[in-house]
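Engineer: What follows is the file final06.cif, containing mmCIF, C-alpha atoms:
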```
data_run
loop_
_atom_site.group_PDB
_atom_site.id
_atom_site.type_symbol
_atom_site.label_atom_id
_atom_site.label_comp_id
_atom_site.auth_asym_id
_atom_site.auth_seq_id
_atom_site.Cartn_x
_atom_site.Cartn_y
_atom_site.Cartn_z
ATOM 1 C CA MET A 138 69.818 147.312 115.199
ATOM 2 C CA THR A 139 66.677 146.848 117.239
ATOM 3 C CA PRO A 140 67.371 145.941 120.903
ATOM 4 C CA GLN A 141 64.975 142.974 120.514
ATOM 5 C CA LEU A 142 67.336 141.141 118.157
ATOM 6 C CA GLU A 143 69.669 139.726 120.804
ATOM 7 C CA PRO A 144 66.867 138.461 123.102
ATOM 8 C CA PHE A 145 65.278 136.794 120.047
ATOM 9 C CA LEU A 146 68.519 135.015 119.138
ATOM 10 C CA GLU A 147 69.045 134.001 122.766
ATOM 11 C CA MET A 148 65.557 132.446 122.769
ATOM 12 C CA LEU A 149 66.358 130.449 119.628
ATOM 13 C CA SER A 150 69.548 129.163 121.229
ATOM 14 C CA ALA A 151 68.148 128.381 124.682
ATOM 15 C CA GLU A 152 64.685 127.083 123.837
ATOM 16 C CA ARG A 153 65.167 125.551 120.399
ATOM 17 C CA GLY A 154 68.809 124.531 120.516
ATOM 18 C CA ALA A 155 69.632 126.513 117.358
ATOM 19 C CA ALA A 156 73.227 126.042 116.190
ATOM 20 C CA ALA A 157 75.682 128.933 115.916
ATOM 21 C CA ASN A 158 75.487 128.892 112.101
ATOM 22 C CA THR A 159 71.682 129.051 112.250
ATOM 23 C CA LEU A 160 71.790 131.999 114.638
ATOM 24 C CA GLU A 161 74.237 133.822 112.372
ATOM 25 C CA ALA A 162 71.953 133.235 109.363
ATOM 26 C CA TYR A 163 68.987 134.666 111.273
ATOM 27 C CA ARG A 164 71.066 137.678 112.298
ATOM 28 C CA ARG A 165 72.104 138.386 108.688
ATOM 29 C CA ASP A 166 68.535 138.027 107.387
ATOM 30 C CA LEU A 167 67.090 140.390 109.994
ATOM 31 C CA GLN A 168 69.896 142.911 109.521
ATOM 32 C CA ASP A 169 69.301 142.900 105.764
ATOM 33 C CA PHE A 170 65.601 143.695 106.240
ATOM 34 C CA ASP A 171 66.495 146.393 108.778
ATOM 35 C CA ALA A 172 68.820 148.014 106.214
ATOM 36 C CA PHE A 173 66.024 147.881 103.626
ATOM 37 C CA LEU A 174 63.684 149.666 106.058
ATOM 38 C CA ALA A 175 66.042 152.568 106.816
ATOM 39 C CA PRO A 176 65.180 154.680 103.690
ATOM 40 C CA ARG A 177 61.481 154.023 104.435
ATOM 41 C CA ARG A 178 61.922 155.575 107.892
ATOM 42 C CA ARG A 179 60.921 152.318 109.549
ATOM 43 C CA ARG A 180 62.576 150.080 112.110
ATOM 44 C CA LEU A 181 62.601 146.321 112.253
ATOM 45 C CA GLU A 182 60.283 146.181 115.251
ATOM 46 C CA THR A 183 57.751 148.629 113.712
ATOM 47 C CA ALA A 184 57.623 147.310 110.126
ATOM 48 C CA ALA A 185 54.217 146.851 108.497
ATOM 49 C CA ALA A 186 52.918 144.168 106.144
ATOM 50 C CA ASP A 187 53.456 146.519 103.172
ATOM 51 C CA ASP A 188 57.133 146.798 104.125
ATOM 52 C CA LEU A 189 57.449 143.017 104.065
ATOM 53 C CA ARG A 190 55.758 142.803 100.663
ATOM 54 C CA ALA A 191 58.032 145.525 99.279
ATOM 55 C CA TYR A 192 61.088 143.715 100.636
ATOM 56 C CA LEU A 193 60.072 140.403 99.052
ATOM 57 C CA GLY A 194 59.428 142.235 95.783
ATOM 58 C CA LYS A 195 62.915 143.713 95.887
ATOM 59 C CA LEU A 196 64.440 140.268 96.489
ATOM 60 C CA ALA A 197 62.482 138.838 93.536
ATOM 61 C CA ARG A 198 63.587 141.646 91.204
ATOM 62 C CA ALA A 199 67.184 141.053 92.289
ATOM 63 C CA GLY A 200 66.846 137.446 91.099
ATOM 64 C CA MET A 201 66.936 135.772 94.494
ATOM 65 C CA ALA A 202 65.818 132.143 94.400
ATOM 66 C CA PRO A 203 62.304 131.639 95.829
ATOM 67 C CA ARG A 204 63.658 129.109 98.329
ATOM 68 C CA THR A 205 66.145 131.650 99.726
ATOM 69 C CA ALA A 206 63.495 134.380 99.875
ATOM 70 C CA ALA A 207 61.155 131.979 101.693
ATOM 71 C CA ARG A 208 63.886 131.285 104.241
ATOM 72 C CA ARG A 209 64.273 134.998 104.886
ATOM 73 C CA LEU A 210 60.532 135.393 105.311
ATOM 74 C CA SER A 211 60.582 132.483 107.774
ATOM 75 C CA ALA A 212 63.196 134.317 109.872
ATOM 76 C CA LEU A 213 61.010 137.436 109.895
ATOM 77 C CA ARG A 214 57.910 135.438 110.814
ATOM 78 C CA GLN A 215 59.633 133.915 113.805
ATOM 79 C CA PHE A 216 60.961 137.297 114.911
ATOM 80 C CA TYR A 217 57.529 138.935 114.849
ATOM 81 C CA ARG A 218 55.908 135.980 116.590
ATOM 82 C CA PHE A 219 58.532 136.420 119.299
ATOM 83 C CA LEU A 220 57.653 140.099 119.659
ATOM 84 C CA VAL A 221 53.961 139.267 119.972
ATOM 85 C CA SER A 222 54.604 136.501 122.514
ATOM 86 C CA GLU A 223 56.680 138.901 124.613
ATOM 87 C CA ASP A 224 53.970 141.623 124.425
ATOM 88 C CA LEU A 225 56.410 143.855 122.586
ATOM 89 C CA ARG A 226 54.041 144.190 119.670
ATOM 90 C CA GLY A 227 50.273 143.749 119.344
ATOM 91 C CA ASP A 228 50.164 142.367 115.790
ATOM 92 C CA ASP A 229 52.192 140.151 113.477
ATOM 93 C CA PRO A 230 52.794 141.914 110.117
ATOM 94 C CA SER A 231 53.935 138.654 108.513
ATOM 95 C CA ALA A 232 50.699 136.793 109.288
ATOM 96 C CA GLY A 233 49.037 137.586 105.956
ATOM 97 C CA ILE A 234 52.152 137.296 103.777
ATOM 98 C CA ASP A 235 52.335 134.300 101.439
ATOM 99 C CA SER A 236 55.663 132.570 101.011
ATOM 100 C CA PRO A 237 57.285 132.854 97.555
ATOM 101 C CA ARG A 238 56.248 129.986 95.317
ATOM 102 C CA GLN A 239 59.006 127.485 94.891
ATOM 103 C CA GLY A 240 59.383 124.221 93.104
ATOM 104 C CA ARG A 241 60.860 121.278 94.928
ATOM 105 C CA ALA A 242 64.577 121.306 94.253
ATOM 106 C CA LEU A 243 65.896 117.786 93.892
ATOM 107 C CA PRO A 244 69.174 117.141 95.723
ATOM 108 C CA LYS A 245 72.362 116.674 93.755
ATOM 109 C CA ILE A 246 73.596 113.120 93.927
ATOM 110 C CA LEU A 247 76.518 110.977 92.855
ATOM 111 C CA SER A 248 76.095 107.636 91.149
ATOM 112 C CA GLU A 249 77.285 104.505 92.911
ATOM 113 C CA ALA A 250 80.078 104.247 90.341
ATOM 114 C CA GLU A 251 81.261 107.775 91.193
ATOM 115 C CA VAL A 252 81.256 107.027 94.914
ATOM 116 C CA ASP A 253 83.204 103.825 94.214
ATOM 117 C CA ALA A 254 85.743 105.909 92.287
ATOM 118 C CA LEU A 255 86.123 108.306 95.237
ATOM 119 C CA LEU A 256 86.610 105.426 97.659
ATOM 120 C CA ALA A 257 89.100 103.702 95.368
ATOM 121 C CA ALA A 258 91.132 106.906 95.044
ATOM 122 C CA VAL A 259 91.289 107.552 98.770
ATOM 123 C CA ARG A 260 92.171 103.946 99.628
ATOM 124 C CA GLU A 261 95.346 104.239 97.550
ATOM 125 C CA ARG A 262 96.783 106.685 100.091
ATOM 126 C CA ARG A 263 98.258 105.103 103.218
ATOM 127 C CA ASP A 264 99.882 108.176 104.774
ATOM 128 C CA ALA A 265 98.304 109.870 107.820
ATOM 129 C CA GLU A 266 96.471 112.467 105.702
ATOM 130 C CA GLY A 267 95.133 109.744 103.440
ATOM 131 C CA LEU A 268 93.953 107.570 106.323
ATOM 132 C CA ARG A 269 92.133 110.525 107.883
ATOM 133 C CA LEU A 270 90.490 111.393 104.576
ATOM 134 C CA ALA A 271 89.467 107.750 104.068
ATOM 135 C CA ALA A 272 87.786 107.772 107.497
ATOM 136 C CA LEU A 273 85.970 111.027 106.650
ATOM 137 C CA VAL A 274 84.715 109.755 103.286
ATOM 138 C CA GLU A 275 83.731 106.317 104.572
ATOM 139 C CA LEU A 276 81.818 107.863 107.489
ATOM 140 C CA LEU A 277 80.026 110.389 105.301
ATOM 141 C CA TYR A 278 78.876 107.738 102.855
ATOM 142 C CA ALA A 279 78.163 105.020 105.412
ATOM 143 C CA THR A 280 76.160 107.172 107.841
ATOM 144 C CA GLY A 281 74.741 110.169 105.965
ATOM 145 C CA LEU A 282 76.001 112.494 108.708
ATOM 146 C CA ARG A 283 75.810 116.239 108.209
ATOM 147 C CA VAL A 284 79.353 117.554 107.907
ATOM 148 C CA SER A 285 78.836 119.651 111.062
ATOM 149 C CA GLU A 286 77.936 116.433 112.917
ATOM 150 C CA LEU A 287 80.960 114.644 111.502
ATOM 151 C CA VAL A 288 83.605 117.203 112.479
ATOM 152 C CA SER A 289 82.118 117.626 115.968
ATOM 153 C CA LEU A 290 82.222 113.900 116.819
ATOM 154 C CA ARG A 291 83.912 113.268 120.142
ATOM 155 C CA SER A 292 86.907 110.938 120.244
ATOM 156 C CA ALA A 293 84.944 108.638 122.558
ATOM 157 C CA ALA A 294 82.642 107.878 119.615
ATOM 158 C CA ALA A 295 85.304 105.623 118.120
ATOM 159 C CA GLN A 296 87.244 104.336 121.098
ATOM 160 C CA ARG A 297 85.810 100.847 120.753
ATOM 161 C CA ASP A 298 84.832 98.615 117.858
ATOM 162 C CA GLN A 299 81.172 99.518 117.832
ATOM 163 C CA ARG A 300 78.500 98.901 115.240
ATOM 164 C CA LEU A 301 76.407 101.948 116.148
ATOM 165 C CA LEU A 302 77.471 105.573 116.245
ATOM 166 C CA ILE A 303 75.690 107.963 118.618
ATOM 167 C CA VAL A 304 75.322 111.342 116.918
ATOM 168 C CA ARG A 305 74.168 114.631 118.419
ATOM 169 C CA GLY A 306 72.330 116.493 115.670
ATOM 170 C CA LYS A 307 70.060 119.503 115.211
ATOM 171 C CA GLY A 308 68.199 120.659 118.277
ATOM 172 C CA ASN A 309 70.765 118.799 120.402
ATOM 173 C CA LYS A 310 68.900 115.551 119.669
ATOM 174 C CA GLU A 311 70.745 112.250 119.746
ATOM 175 C CA ARG A 312 70.251 109.439 117.263
ATOM 176 C CA MET A 313 71.950 106.128 116.542
ATOM 177 C CA VAL A 314 73.411 105.389 113.115
ATOM 178 C CA PRO A 315 74.768 101.956 112.100
ATOM 179 C CA LEU A 316 78.376 101.712 110.929
ATOM 180 C CA SER A 317 79.387 99.556 107.989
ATOM 181 C CA ASP A 318 82.355 97.191 108.203
ATOM 182 C CA ALA A 319 84.293 99.432 105.785
ATOM 183 C CA ALA A 320 83.649 102.532 107.907
ATOM 184 C CA ARG A 321 84.712 100.716 111.091
ATOM 185 C CA GLN A 322 87.917 99.531 109.420
ATOM 186 C CA SER A 323 88.731 103.024 108.145
ATOM 187 C CA LEU A 324 88.164 104.446 111.626
ATOM 188 C CA SER A 325 90.437 101.814 113.109
ATOM 189 C CA ASP A 326 93.195 102.626 110.586
ATOM 190 C CA TYR A 327 92.822 106.362 111.212
ATOM 191 C CA LEU A 328 92.975 106.033 114.997
ATOM 192 C CA LYS A 329 96.462 104.535 114.658
ATOM 193 C CA VAL A 330 97.714 107.841 113.161
ATOM 194 C CA ARG A 331 95.357 110.299 114.911
ATOM 195 C CA THR A 332 98.127 111.598 117.175
ATOM 196 C CA ALA A 333 99.746 113.191 114.101
ATOM 197 C CA PHE A 334 96.879 115.701 114.034
ATOM 198 C CA LEU A 335 96.888 116.597 117.728
ATOM 199 C CA PRO A 336 97.909 120.200 118.440
ATOM 200 C CA LYS A 337 101.327 120.793 119.998
ATOM 201 C CA ALA A 338 102.026 122.602 123.246
ATOM 202 C CA GLY A 339 105.404 124.282 123.669
ATOM 203 C CA LYS A 340 108.181 124.877 121.151
ATOM 204 C CA GLY A 341 111.127 122.982 119.764
ATOM 205 C CA GLU A 342 112.193 119.826 121.558
ATOM 206 C CA ARG A 343 109.852 120.565 124.452
ATOM 207 C CA ALA A 344 106.781 120.527 122.229
ATOM 208 C CA VAL A 345 104.356 117.784 123.159
ATOM 209 C CA ARG A 346 101.068 116.661 121.646
ATOM 210 C CA ARG A 347 98.011 117.726 123.639
ATOM 211 C CA GLU A 348 95.119 115.268 123.763
ATOM 212 C CA SER A 349 91.889 116.522 122.224
ATOM 213 C CA PRO A 350 88.259 115.605 122.930
ATOM 214 C CA TRP A 351 87.532 115.613 119.187
ATOM 215 C CA LEU A 352 87.724 112.615 116.882
ATOM 216 C CA PHE A 353 89.195 114.793 114.127
ATOM 217 C CA PRO A 354 91.382 117.305 116.005
ATOM 218 C CA SER A 355 92.939 120.384 114.468
ATOM 219 C CA ARG A 356 95.123 123.303 115.505
ATOM 220 C CA GLY A 357 92.351 125.782 114.590
ATOM 221 C CA ALA A 358 90.269 127.854 116.995
ATOM 222 C CA SER A 359 87.475 125.266 117.138
ATOM 223 C CA GLY A 360 89.888 122.512 118.088
ATOM 224 C CA HIS A 361 88.561 120.214 115.381
ATOM 225 C CA LEU A 362 88.596 119.937 111.606
ATOM 226 C CA THR A 363 86.312 122.541 109.998
ATOM 227 C CA ARG A 364 83.420 121.954 107.612
ATOM 228 C CA HIS A 365 85.162 124.140 105.038
ATOM 229 C CA ARG A 366 88.333 122.052 105.177
ATOM 230 C CA VAL A 367 86.394 118.808 104.731
ATOM 231 C CA GLY A 368 84.783 120.318 101.637
ATOM 232 C CA GLN A 369 88.193 121.267 100.255
ATOM 233 C CA LEU A 370 89.582 117.786 100.851
ATOM 234 C CA LEU A 371 86.607 116.178 99.092
ATOM 235 C CA LYS A 372 87.024 118.376 96.024
ATOM 236 C CA GLU A 373 90.725 117.567 95.868
ATOM 237 C CA LEU A 374 89.861 113.878 96.060
ATOM 238 C CA ALA A 375 87.220 114.253 93.342
ATOM 239 C CA GLY A 376 89.883 115.711 91.029
ATOM 240 C CA GLN A 377 92.156 112.756 91.710
ATOM 241 C CA ALA A 378 89.281 110.354 90.978
ATOM 242 C CA GLY A 379 88.438 112.050 87.668
ATOM 243 C CA ILE A 380 85.074 113.399 88.873
ATOM 244 C CA ASP A 381 83.833 116.935 88.263
ATOM 245 C CA THR A 382 84.752 118.769 91.470
ATOM 246 C CA ALA A 383 81.574 120.884 91.243
ATOM 247 C CA LYS A 384 79.541 117.721 91.817
ATOM 248 C CA VAL A 385 81.192 116.737 95.093
ATOM 249 C CA SER A 386 80.620 118.175 98.572
ATOM 250 C CA PRO A 387 79.943 116.770 102.038
ATOM 251 C CA HIS A 388 76.208 117.376 101.599
ATOM 252 C CA VAL A 389 76.208 115.596 98.235
ATOM 253 C CA MET A 390 77.727 112.581 100.008
ATOM 254 C CA ARG A 391 74.797 112.713 102.453
ATOM 255 C CA HIS A 392 72.399 112.761 99.498
ATOM 256 C CA ALA A 393 74.242 109.813 97.935
ATOM 257 C CA PHE A 394 73.901 107.829 101.162
ATOM 258 C CA ALA A 395 70.134 108.431 101.240
ATOM 259 C CA SER A 396 69.329 107.874 97.575
ATOM 260 C CA HIS A 397 71.481 104.736 97.276
ATOM 261 C CA LEU A 398 69.825 103.242 100.370
ATOM 262 C CA LEU A 399 66.397 103.844 98.813
ATOM 263 C CA ASP A 400 67.602 102.292 95.565
ATOM 264 C CA HIS A 401 68.427 99.140 97.503
ATOM 265 C CA GLY A 402 65.089 98.890 99.287
ATOM 266 C CA ALA A 403 65.440 100.916 102.513
ATOM 267 C CA ASP A 404 62.162 102.221 103.929
ATOM 268 C CA LEU A 405 61.511 105.924 104.450
ATOM 269 C CA ARG A 406 60.974 105.761 108.216
ATOM 270 C CA SER A 407 64.347 104.086 108.814
ATOM 271 C CA LEU A 408 66.026 106.577 106.487
ATOM 272 C CA GLN A 409 64.349 109.469 108.311
ATOM 273 C CA LYS A 410 65.783 108.280 111.631
ATOM 274 C CA MET A 411 69.288 107.810 110.237
ATOM 275 C CA LEU A 412 69.298 111.256 108.601
ATOM 276 C CA GLY A 413 67.899 112.937 111.702
ATOM 277 C CA HIS A 414 64.973 114.561 109.866
ATOM 278 C CA ALA A 415 62.265 115.889 112.186
ATOM 279 C CA ASP A 416 59.620 115.615 109.446
ATOM 280 C CA ILE A 417 59.340 112.701 107.017
ATOM 281 C CA SER A 418 58.344 115.128 104.234
ATOM 282 C CA THR A 419 62.002 116.219 104.194
ATOM 283 C CA THR A 420 63.057 112.614 103.626
ATOM 284 C CA GLN A 421 60.471 112.087 100.894
ATOM 285 C CA VAL A 422 62.419 114.294 98.495
ATOM 286 C CA TYR A 423 64.635 111.254 97.868
ATOM 287 C CA THR A 424 61.661 109.324 96.510
ATOM 288 C CA HIS A 425 61.358 112.065 93.884
ATOM 289 C CA VAL A 426 65.008 111.535 92.962
ATOM 290 C CA LEU A 427 64.315 107.829 92.528
ATOM 291 C CA SER A 428 61.197 108.558 90.454
ATOM 292 C CA GLU A 429 63.121 110.903 88.152
ATOM 293 C CA ARG A 430 65.798 108.264 87.595
ATOM 294 C CA LEU A 431 63.189 105.625 86.826
ATOM 295 C CA LYS A 432 61.458 107.913 84.329
ATOM 296 C CA SER A 433 64.808 108.613 82.661
ATOM 297 C CA LEU A 434 65.554 104.889 82.515
ATOM 298 C CA VAL A 435 62.218 104.148 80.835
ATOM 299 C CA HIS A 436 62.654 107.020 78.399
ATOM 300 C CA ASP A 437 66.153 105.923 77.404
ATOM 301 C CA HIS A 438 65.702 102.156 77.249
ATOM 302 C CA HIS A 439 62.055 101.167 76.875
ATOM 303 C CA PRO A 440 61.408 99.627 73.392
ATOM 304 C CA LEU A 441 58.352 101.899 72.927
ATOM 305 C CA ALA A 442 60.143 105.089 73.947
ATOM 306 C CA GLY A 443 60.717 106.093 70.321
ATOM 307 C CA ASN A 444 64.476 105.549 70.097
ATOM 308 C CA ASP A 445 66.821 102.797 69.011
ATOM 309 C CA SER A 446 67.865 101.739 72.527
ATOM 310 C CA SER A 447 67.093 98.244 73.653
#
```
Would you mind giving the structure from this file in structure tokens?
Structural biologist:
Amino acid sequence: MTPQLEPFLEMLSAERGAAANTLEAYRRDLQDFDAFLAPRRRRLETAAADDLRAYLGKLARAGMAPRTAARRLSALRQFYRFLVSEDLRGDDPSAGIDSPRQGRALPKILSEAEVDALLAAVRERRDAEGLRLAALVELLYATGLRVSELVSLRSAAAQRDQRLLIVRGKGNKERMVPLSDAARQSLSDYLKVRTAFLPKAGKGERAVRRESPWLFPSRGASGHLTRHRVGQLLKELAGQAGIDTAKVSPHVMRHAFASHLLDHGADLRSLQKMLGHADISTTQVYTHVLSERLKSLVHDHHPLAGNDSS
């Protein structure tokens, strides 16, 4: 790989606060383009605009979604802008490349009835695992947290009966998110059994629980529950609640939080702050979800819609 890759990733981390998963995605995207260039006798740092166009053409022929291809082009753009800013290259080969056309993909959502079914199913379990899962589900739906934000919450976030949760999100930015009464109660119930999930130090009778800085501790390398495990637990819960497991994920719960708030009259600016979106255009996608549902409602039930519904 080009020696400029690591300094580029270090810049993203230091100056833009890019998360580890974001850095890994950039690394994979740039390595994939570098591999594409090898038969063309080019290197990543010397690629021309024609190489970029050929690469995008290859991705399109392979059936890659325009949104994914656009993300890869974005990674390349930022890399070449970095080279230019560091005087490592005199031109930006991506400057004249148009992003792949893409339609606006509407987020997957759950109905309020489906969320109620999930909550009802999890509230039936009163063992330690069930109380932890109830806290996870209630927090996801009550706050709209990203799952990465949820699992990395510090234990201090719930040490007192507070109505606001301070969350550290993308770019290391903090925001405040209100907690519902149900979420606060679930947290309180979970904290009574949290010690069951603390890692042990020592063996046999000498083993003792080690305190953890994380709200949802785990014995894994990260020290806290992983995003993947939360996803697994949600799908298991969906099966118990009689909901298609393909419909349920932590991010779908975030979408449900946003769309249901809009349904009940929340304004976009408040929703933007709670979701931690830097640009309100990202939040506006939920207005399209609402519009699609309204159009479907009119089509199915309006007396002039050409069917027998009333």
Engineer: Write out as a tab-separated table (two decimals) with C-alpha atoms, in the frame of the given file each polymer residue whose atoms come within 12 Å of A:Leu370, counting only C-alpha atoms; drop sequence neighbours fewer than 3 positions from it.
Structural biologist:
```tsv
chain	number	residue	atom	x	y	z
A	255	LEU	CA	86.12	108.31	95.24
A	259	VAL	CA	91.29	107.55	98.77
A	266	GLU	CA	96.47	112.47	105.70
A	267	GLY	CA	95.13	109.74	103.44
A	269	ARG	CA	92.13	110.52	107.88
A	270	LEU	CA	90.49	111.39	104.58
A	271	ALA	CA	89.47	107.75	104.07
A	273	LEU	CA	85.97	111.03	106.65
A	274	VAL	CA	84.72	109.76	103.29
A	362	LEU	CA	88.60	119.94	111.61
A	363	THR	CA	86.31	122.54	110.00
A	364	ARG	CA	83.42	121.95	107.61
A	365	HIS	CA	85.16	124.14	105.04
A	366	ARG	CA	88.33	122.05	105.18
A	367	VAL	CA	86.39	118.81	104.73
A	373	GLU	CA	90.72	117.57	95.87
A	374	LEU	CA	89.86	113.88	96.06
A	375	ALA	CA	87.22	114.25	93.34
A	376	GLY	CA	89.88	115.71	91.03
A	377	GLN	CA	92.16	112.76	91.71
A	382	THR	CA	84.75	118.77	91.47
A	385	VAL	CA	81.19	116.74	95.09
A	386	SER	CA	80.62	118.18	98.57
A	387	PRO	CA	79.94	116.77	102.04
```
Engineer: Find the residue from A:Glu348, A:His388, A:Ser323, A:Tyr163 that sits nearest to A:Arg262; use all atoms listed in the file when measuring.
Structural biologist: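 Looking only at the distances to A:Arg262, the closest residue turns out to be A:Ser323.
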Engineer: So, counting only C-alpha atoms, which residue among A:Asn309, A:Ser150, A:Thr159, A:Gln141 is closest to A:Arg180?
Structural biologist: A:Gln141
Engineer: Would you list the contacts of A:Leu210 as JSON, numbers by chain, taking every protein, DNA or RNA residue within 9 Å and counting only C-alpha atoms, but skipping same-chain residues closer than 6 positions in sequence?
Structural biologist: {"A": [166, 189, 193, 231, 234, 236, 237]}
Engineer: For the file shown, what are the residues hit by the PyMOL selection byres ((chain A and resi 229) around 9), laid out as a PyMOL selection string?
Structural biologist: chain A and resi 185-186+214+217-218+220-221+226-228+230-233
Engineer: Starting from the PyMOL selection byres ((chain A and resi 156) around 12), expand the selection into actual residues of this file and give them as a ChimeraX atom specification.
Structural biologist: /A:146-155,157-163,285-286,305-310
Engineer: Given the file shown, determine the residues that the PyMOL selection byres ((chain A and resi 409) around 12) selects; report them as a list in words.
Structural biologist: Gly281, Arg312, Met313, Val314, Ala395, Ser396, Leu398, Leu399, Ala403, Asp404, Leu405, Arg406, Ser407, Leu408, Lys410, Met411, Leu412, Gly413, His414, Ala415, Asp416, Ile417, Ser418, Thr419, Thr420, Gln421, Val422 and Tyr423 of chain A
Engineer: Which residue, A:Ser292, A:Gln369, A:Ser211, A:Ser325, has the smallest gap to A:Pro350 when you use all atoms listed in the file?
Structural biologist: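 So, comparing all the options, the nearest one is A:Ser292.
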Engineer: Quick one: distance from atom CA of A:Asp253 to atom CA of A:Leu301 in Å, one decimal?
Structural biologist: 23.0 Å
Engineer: Kindly give the distance, in Å, that separates atom CA of A:Arg391 and atom CA of A:Arg209, rounded to a single decimal.
Structural biologist: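 Computing the Euclidean distance for atom CA of A:Arg391 and atom CA of A:Arg209 yields 24.8 Å.
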Engineer: Emit as lines of an AutoDock Vina configuration file the padded axis-aligned box for all listed atoms of stretch 308-323 of chain A, 4 Å per side, with centre and edge lengths in Å to one decimal.
Structural biologist:
```
center_x = 78.5
center_y = 108.9
center_z = 113.1
size_x = 28.5
size_y = 31.5
size_z = 22.6
```
Engineer: Would you mind completing stretch 221-234 of chain A to N, CA, C and O atoms and writing the output as a PDB file, in the coordinates of the input?
Structural biologist:
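Result went into result16.pdb, see below:
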```pdb
ATOM      1  N   VAL A 221      55.345 139.378 119.502  1.00  0.00           N
ATOM      2  CA  VAL A 221      53.961 139.267 119.972  1.00  0.00           C
ATOM      3  C   VAL A 221      53.892 138.451 121.265  1.00  0.00           C
ATOM      4  O   VAL A 221      53.188 138.830 122.212  1.00  0.00           O
ATOM      5  N   SER A 222      54.639 137.357 121.321  1.00  0.00           N
ATOM      6  CA  SER A 222      54.604 136.501 122.514  1.00  0.00           C
ATOM      7  C   SER A 222      55.170 137.200 123.738  1.00  0.00           C
ATOM      8  O   SER A 222      54.788 136.891 124.868  1.00  0.00           O
ATOM      9  N   GLU A 223      56.073 138.158 123.511  1.00  0.00           N
ATOM     10  CA  GLU A 223      56.680 138.901 124.613  1.00  0.00           C
ATOM     11  C   GLU A 223      55.936 140.207 124.903  1.00  0.00           C
ATOM     12  O   GLU A 223      56.415 141.028 125.691  1.00  0.00           O
ATOM     13  N   ASP A 224      54.772 140.397 124.258  1.00  0.00           N
ATOM     14  CA  ASP A 224      53.970 141.623 124.425  1.00  0.00           C
ATOM     15  C   ASP A 224      54.749 142.873 124.052  1.00  0.00           C
ATOM     16  O   ASP A 224      54.538 143.958 124.614  1.00  0.00           O
ATOM     17  N   LEU A 225      55.658 142.713 123.087  1.00  0.00           N
ATOM     18  CA  LEU A 225      56.410 143.855 122.586  1.00  0.00           C
ATOM     19  C   LEU A 225      55.769 144.445 121.341  1.00  0.00           C
ATOM     20  O   LEU A 225      56.180 145.495 120.851  1.00  0.00           O
ATOM     21  N   ARG A 226      54.775 143.734 120.844  1.00  0.00           N
ATOM     22  CA  ARG A 226      54.041 144.190 119.670  1.00  0.00           C
ATOM     23  C   ARG A 226      52.663 143.526 119.697  1.00  0.00           C
ATOM     24  O   ARG A 226      52.537 142.364 120.091  1.00  0.00           O
ATOM     25  N   GLY A 227      51.628 144.270 119.269  1.00  0.00           N
ATOM     26  CA  GLY A 227      50.273 143.749 119.344  1.00  0.00           C
ATOM     27  C   GLY A 227      49.833 142.957 118.141  1.00  0.00           C
ATOM     28  O   GLY A 227      48.832 142.244 118.191  1.00  0.00           O
ATOM     29  N   ASP A 228      50.557 143.077 117.002  1.00  0.00           N
ATOM     30  CA  ASP A 228      50.164 142.367 115.790  1.00  0.00           C
ATOM     31  C   ASP A 228      51.384 141.770 115.114  1.00  0.00           C
ATOM     32  O   ASP A 228      52.520 142.166 115.387  1.00  0.00           O
ATOM     33  N   ASP A 229      51.134 140.813 114.237  1.00  0.00           N
ATOM     34  CA  ASP A 229      52.192 140.151 113.477  1.00  0.00           C
ATOM     35  C   ASP A 229      52.056 140.571 112.010  1.00  0.00           C
ATOM     36  O   ASP A 229      51.157 140.095 111.311  1.00  0.00           O
ATOM     37  N   PRO A 230      52.922 141.446 111.499  1.00  0.00           N
ATOM     38  CA  PRO A 230      52.794 141.914 110.117  1.00  0.00           C
ATOM     39  C   PRO A 230      53.041 140.838 109.076  1.00  0.00           C
ATOM     40  O   PRO A 230      52.687 141.004 107.907  1.00  0.00           O
ATOM     41  N   SER A 231      53.641 139.728 109.472  1.00  0.00           N
ATOM     42  CA  SER A 231      53.935 138.654 108.513  1.00  0.00           C
ATOM     43  C   SER A 231      52.791 137.660 108.384  1.00  0.00           C
ATOM     44  O   SER A 231      52.834 136.778 107.526  1.00  0.00           O
ATOM     45  N   ALA A 232      51.757 137.802 109.232  1.00  0.00           N
ATOM     46  CA  ALA A 232      50.699 136.793 109.288  1.00  0.00           C
ATOM     47  C   ALA A 232      49.991 136.609 107.952  1.00  0.00           C
ATOM     48  O   ALA A 232      49.633 135.492 107.579  1.00  0.00           O
ATOM     49  N   GLY A 233      49.774 137.691 107.218  1.00  0.00           N
ATOM     50  CA  GLY A 233      49.037 137.586 105.956  1.00  0.00           C
ATOM     51  C   GLY A 233      49.912 137.530 104.726  1.00  0.00           C
ATOM     52  O   GLY A 233      49.416 137.672 103.598  1.00  0.00           O
ATOM     53  N   ILE A 234      51.214 137.322 104.908  1.00  0.00           N
ATOM     54  CA  ILE A 234      52.152 137.296 103.777  1.00  0.00           C
ATOM     55  C   ILE A 234      52.346 135.863 103.305  1.00  0.00           C
ATOM     56  O   ILE A 234      52.670 134.971 104.087  1.00  0.00           O
TER      57      ILE A 234
END
```
